[in-house]
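K.L.:
Dropping the structure in here first, questions after.
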Amino acid sequence: VAALSAVEPPRCLDGLPLRVGDRVVWSVAASCGRCATCRRGLEQKCQYLRKYGHEALADDWRLSGGFATHCVLQPGTAVVRVPESVPDEAVVSASCATATVAAVLSAAGDPAGTELLVTGAGMLGVTASAMAAQAGAAVTVCDPDPWRRELARRFGAARTLAPDEPTGRADIALELSGSPSAVGTCLAAVGLGGRVVLAGSVSASDPVPMDPQRLVRNLITVTGVHNYRPRDLAAGVAFLTRHHGTYPFAELVGGWFGLGQLDAALAAAAAGPAPRQAVRPAAEALPPRAAGEPPRPGGRRPGGRRP
Ligand SMILES: [Zn+2]
């Protein structure tokens, strides 16, 4: 936190006031809290929702994204303080993947003791694997990429599958890839009382066939999740604080780039296989970590933080 509004001093989700110098993450979107949608309890889909990193440059909100030295937070943004013990690499995804997965698991119901299928082993999928395994589920992760399947095993998956392999029966299925065929896999995998949560399908795709009788007779619930509530961000940060050392979250970030190297960062993101590349506005680029190299602690990398 570099500066605070004197008019309306902002508070963290825990109710305590923000202070200059605090190390924080904030929700991907700001909600008005007053519109009919917010009043229905769907503040993540507020009629006046403004999303960080998703908005065109506007005169009343120029600093709204991550490719800048500073970001101006809007009223209605959930802010969570991050303990110094959690490295940057482990927490950078908190307000995207981790909070989204917390929302997905909240929609899925208690995973303890369930057979839980995850389709897609990207950032969301491996995070879901870790959070569900930690909550007591037996997790199976399905992904076409062998490197990602191996990654999922390191994030708590008991079993991994290629898409052409049989899934077996699941109590809960989480679709986090966006692939229409994976949606079909999830619908077919759950049995009696099954719950399917779809969160990967965020762009237009072909329709997916559905057998209504199978859903009805088996009391199957299908739910969509998009964006998340403030409590999901708090749950995500709490999970990373407790378990950033249990699962190799820091390894999901392939490299770090300064603002002068955005083209290289985007090229590295497109080249894969690391699920994310990071931009540190005040840093010069660091090469991708070699396999087995330990994570670099946040803000204390060789040469120190640049002004
Ligand atoms: Zn609203």
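Following the order of the structure tokens, first chain is A, next is B, and so on, with residues numbered from 1 inside each chain and ligands from 1 in the order they appear.
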Would you write out, as a Markdown table, a table of all residues in chain A that have an atom no more than 8 Å from an atom of ligand 1, listing for each the closest atom pair and the distance in Å to one decimal, considering only C-alpha atoms and all ligand atoms and ordering rows by chain and rising residue number?

P.N.:
```
| residue | atom | partner | partner_atom_place_in_ligand_line | distance |
| --- | --- | --- | --- | --- |
| A:Ser31 | CA | ligand 1 | 1 (Zn) | 5.1 |
| A:Cys32 | CA | ligand 1 | 1 (Zn) | 3.9 |
| A:Gly33 | CA | ligand 1 | 1 (Zn) | 4.6 |
| A:Arg34 | CA | ligand 1 | 1 (Zn) | 5.1 |
| A:Cys35 | CA | ligand 1 | 1 (Zn) | 4.0 |
| A:Ala36 | CA | ligand 1 | 1 (Zn) | 6.7 |
| A:Thr37 | CA | ligand 1 | 1 (Zn) | 5.7 |
| A:Cys38 | CA | ligand 1 | 1 (Zn) | 4.3 |
| A:Arg39 | CA | ligand 1 | 1 (Zn) | 7.4 |
| A:Glu43 | CA | ligand 1 | 1 (Zn) | 5.8 |
| A:Lys45 | CA | ligand 1 | 1 (Zn) | 7.4 |
| A:Cys46 | CA | ligand 1 | 1 (Zn) | 3.7 |
| A:Gln47 | CA | ligand 1 | 1 (Zn) | 5.1 |
| A:Tyr48 | CA | ligand 1 | 1 (Zn) | 5.5 |
| A:Leu49 | CA | ligand 1 | 1 (Zn) | 6.6 |
```

K.L.:
Let's see if you can do this: from backbone DSSP, list all helix (DSSP H, G or I) residues in stretch 27-233 of chain A, as a count of residues only.

P.N.:
67

K.L.:
Give me, please, the distance in Å between atom CA of A:Leu240 and atom CA of A:Ala274, quoted to one decimal.

P.N.:
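About the pair atom CA of A:Leu240 and atom CA of A:Ala274: they are 18.8 Å apart.
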
K.L.:
For A:Thr185, list every protein, DNA or RNA residue within 12 Å, evaluated using only C-alpha atoms, and leave out those in the same chain fewer than 6 positions away; present the list as a PyMOL selection string.

P.N.:
chain A and resi 117-120+141-143+161-170+172-179+196+198+208-210

K.L.:
Could you save the residues just selected, with N, CA and C atoms, as an mmCIF file, in the first residue's frame?

P.N.:
```cif
data_model
loop_
_atom_site.group_PDB
_atom_site.id
_atom_site.type_symbol
_atom_site.label_atom_id
_atom_site.label_comp_id
_atom_site.auth_asym_id
_atom_site.auth_seq_id
_atom_site.Cartn_x
_atom_site.Cartn_y
_atom_site.Cartn_z
ATOM 1 N N LEU A 117 -13.330 -35.480 -9.129
ATOM 2 C CA LEU A 117 -12.685 -35.396 -10.446
ATOM 3 C C LEU A 117 -12.465 -33.936 -10.819
ATOM 4 N N VAL A 118 -11.263 -33.627 -11.315
ATOM 5 C CA VAL A 118 -10.951 -32.301 -11.830
ATOM 6 C C VAL A 118 -10.576 -32.453 -13.293
ATOM 7 N N THR A 119 -11.239 -31.721 -14.197
ATOM 8 C CA THR A 119 -10.799 -31.725 -15.588
ATOM 9 C C THR A 119 -10.052 -30.434 -15.871
ATOM 10 N N GLY A 120 -8.822 -30.590 -16.361
ATOM 11 C CA GLY A 120 -7.954 -29.442 -16.615
ATOM 12 C C GLY A 120 -6.930 -29.297 -15.512
ATOM 13 N N VAL A 141 -7.237 -36.154 -11.509
ATOM 14 C CA VAL A 141 -7.121 -35.015 -12.420
ATOM 15 C C VAL A 141 -6.954 -35.523 -13.844
ATOM 16 N N CYS A 142 -7.749 -34.959 -14.746
ATOM 17 C CA CYS A 142 -7.728 -35.353 -16.149
ATOM 18 C C CYS A 142 -7.200 -34.200 -16.999
ATOM 19 N N ASP A 143 -6.159 -34.461 -17.779
ATOM 20 C CA ASP A 143 -5.592 -33.425 -18.658
ATOM 21 C C ASP A 143 -4.850 -34.121 -19.790
ATOM 22 N N LEU A 161 -5.315 -38.849 -15.312
ATOM 23 C CA LEU A 161 -5.817 -39.529 -16.502
ATOM 24 C C LEU A 161 -5.626 -38.663 -17.732
ATOM 25 N N ALA A 162 -5.457 -39.313 -18.880
ATOM 26 C CA ALA A 162 -5.601 -38.620 -20.159
ATOM 27 C C ALA A 162 -7.089 -38.628 -20.503
ATOM 28 N N PRO A 163 -7.546 -37.686 -21.350
ATOM 29 C CA PRO A 163 -8.986 -37.581 -21.628
ATOM 30 C C PRO A 163 -9.610 -38.836 -22.228
ATOM 31 N N ASP A 164 -8.823 -39.701 -22.860
ATOM 32 C CA ASP A 164 -9.427 -40.909 -23.455
ATOM 33 C C ASP A 164 -9.496 -42.072 -22.474
ATOM 34 N N GLU A 165 -9.066 -41.870 -21.241
ATOM 35 C CA GLU A 165 -9.123 -42.953 -20.247
ATOM 36 C C GLU A 165 -10.420 -42.860 -19.440
ATOM 37 N N PRO A 166 -10.963 -44.011 -18.973
ATOM 38 C CA PRO A 166 -12.203 -43.964 -18.173
ATOM 39 C C PRO A 166 -11.972 -43.276 -16.832
ATOM 40 N N THR A 167 -12.936 -42.457 -16.427
ATOM 41 C CA THR A 167 -12.756 -41.681 -15.195
ATOM 42 C C THR A 167 -13.130 -42.464 -13.946
ATOM 43 N N GLY A 168 -13.988 -43.476 -14.089
ATOM 44 C CA GLY A 168 -14.587 -44.065 -12.890
ATOM 45 C C GLY A 168 -15.652 -43.135 -12.344
ATOM 46 N N ARG A 169 -16.296 -43.526 -11.252
ATOM 47 C CA ARG A 169 -17.402 -42.763 -10.684
ATOM 48 C C ARG A 169 -16.885 -41.683 -9.743
ATOM 49 N N ALA A 170 -17.428 -40.493 -9.846
ATOM 50 C CA ALA A 170 -17.036 -39.391 -8.963
ATOM 51 C C ALA A 170 -18.257 -38.897 -8.200
ATOM 52 N N ILE A 172 -18.035 -35.678 -6.896
ATOM 53 C CA ILE A 172 -17.953 -34.267 -7.272
ATOM 54 C C ILE A 172 -17.079 -34.172 -8.513
ATOM 55 N N ALA A 173 -17.495 -33.372 -9.483
ATOM 56 C CA ALA A 173 -16.664 -33.135 -10.670
ATOM 57 C C ALA A 173 -16.521 -31.640 -10.885
ATOM 58 N N LEU A 174 -15.289 -31.182 -11.026
ATOM 59 C CA LEU A 174 -14.998 -29.756 -11.206
ATOM 60 C C LEU A 174 -14.428 -29.556 -12.602
ATOM 61 N N GLU A 175 -15.132 -28.798 -13.446
ATOM 62 C CA GLU A 175 -14.670 -28.568 -14.818
ATOM 63 C C GLU A 175 -13.925 -27.239 -14.861
ATOM 64 N N LEU A 176 -12.626 -27.308 -15.060
ATOM 65 C CA LEU A 176 -11.789 -26.113 -14.980
ATOM 66 C C LEU A 176 -10.955 -25.905 -16.236
ATOM 67 N N SER A 177 -11.298 -26.601 -17.317
ATOM 68 C CA SER A 177 -10.509 -26.477 -18.549
ATOM 69 C C SER A 177 -11.187 -25.596 -19.594
ATOM 70 N N GLY A 178 -12.515 -25.539 -19.594
ATOM 71 C CA GLY A 178 -13.234 -24.812 -20.632
ATOM 72 C C GLY A 178 -13.536 -25.645 -21.863
ATOM 73 N N SER A 179 -13.073 -26.875 -21.895
ATOM 74 C CA SER A 179 -13.315 -27.727 -23.056
ATOM 75 C C SER A 179 -14.719 -28.330 -22.992
ATOM 76 N N VAL A 196 -21.742 -31.257 -9.989
ATOM 77 C CA VAL A 196 -20.839 -30.822 -11.056
ATOM 78 C C VAL A 196 -20.730 -29.304 -10.973
ATOM 79 N N LEU A 198 -19.095 -26.094 -12.927
ATOM 80 C CA LEU A 198 -18.454 -25.651 -14.159
ATOM 81 C C LEU A 198 -17.892 -24.246 -13.944
ATOM 82 N N VAL A 208 -23.261 -28.697 -25.327
ATOM 83 C CA VAL A 208 -22.883 -30.017 -24.822
ATOM 84 C C VAL A 208 -24.149 -30.839 -24.626
ATOM 85 N N PRO A 209 -24.228 -32.056 -25.186
ATOM 86 C CA PRO A 209 -25.429 -32.873 -24.976
ATOM 87 C C PRO A 209 -25.592 -33.250 -23.507
ATOM 88 N N MET A 210 -26.840 -33.367 -23.082
ATOM 89 C CA MET A 210 -27.116 -33.686 -21.687
ATOM 90 C C MET A 210 -28.279 -34.675 -21.659
#
```

K.L.:
Taking a cut-off of 10 Å and counting only C-alpha atoms, can you build a table that, for each residue of stretch 41-108 of chain A near stretch 13-16 of chain A, reports the nearest atom pair and how far apart they are in Å (one decimal), sorted by chain then residue number, as a Markdown table?

P.N.:
```
| residue | atom | partner | partner_atom | distance |
| --- | --- | --- | --- | --- |
| A:Thr77 | CA | A:Leu13 | CA | 9.5 |
| A:Ala78 | CA | A:Leu13 | CA | 6.2 |
| A:Val79 | CA | A:Leu13 | CA | 5.9 |
| A:Val80 | CA | A:Leu13 | CA | 5.9 |
| A:Arg81 | CA | A:Leu13 | CA | 8.5 |
```

K.L.:
Using N, CA, C and O atoms, can you write the selected residues to a file as a short mmCIF file (atom, residue, chain, number, x, y, z; two decimals), in the first residue's frame?

P.N.:
```cif
data_model
loop_
_atom_site.label_atom_id
_atom_site.label_comp_id
_atom_site.auth_asym_id
_atom_site.auth_seq_id
_atom_site.Cartn_x
_atom_site.Cartn_y
_atom_site.Cartn_z
N THR A 77 -13.86 -3.06 -3.18
CA THR A 77 -12.84 -4.07 -3.44
C THR A 77 -12.50 -4.77 -2.13
O THR A 77 -12.30 -4.11 -1.11
N ALA A 78 -12.43 -6.10 -2.16
CA ALA A 78 -12.02 -6.84 -0.96
C ALA A 78 -10.49 -6.86 -0.90
O ALA A 78 -9.83 -7.17 -1.90
N VAL A 79 -9.94 -6.49 0.24
CA VAL A 79 -8.49 -6.43 0.42
C VAL A 79 -8.10 -7.34 1.56
O VAL A 79 -8.72 -7.33 2.62
N VAL A 80 -7.06 -8.16 1.32
CA VAL A 80 -6.60 -9.11 2.33
C VAL A 80 -5.10 -8.89 2.54
O VAL A 80 -4.33 -8.86 1.58
N ARG A 81 -4.70 -8.74 3.80
CA ARG A 81 -3.28 -8.58 4.14
C ARG A 81 -2.59 -9.95 3.97
O ARG A 81 -3.17 -10.98 4.31
#
```
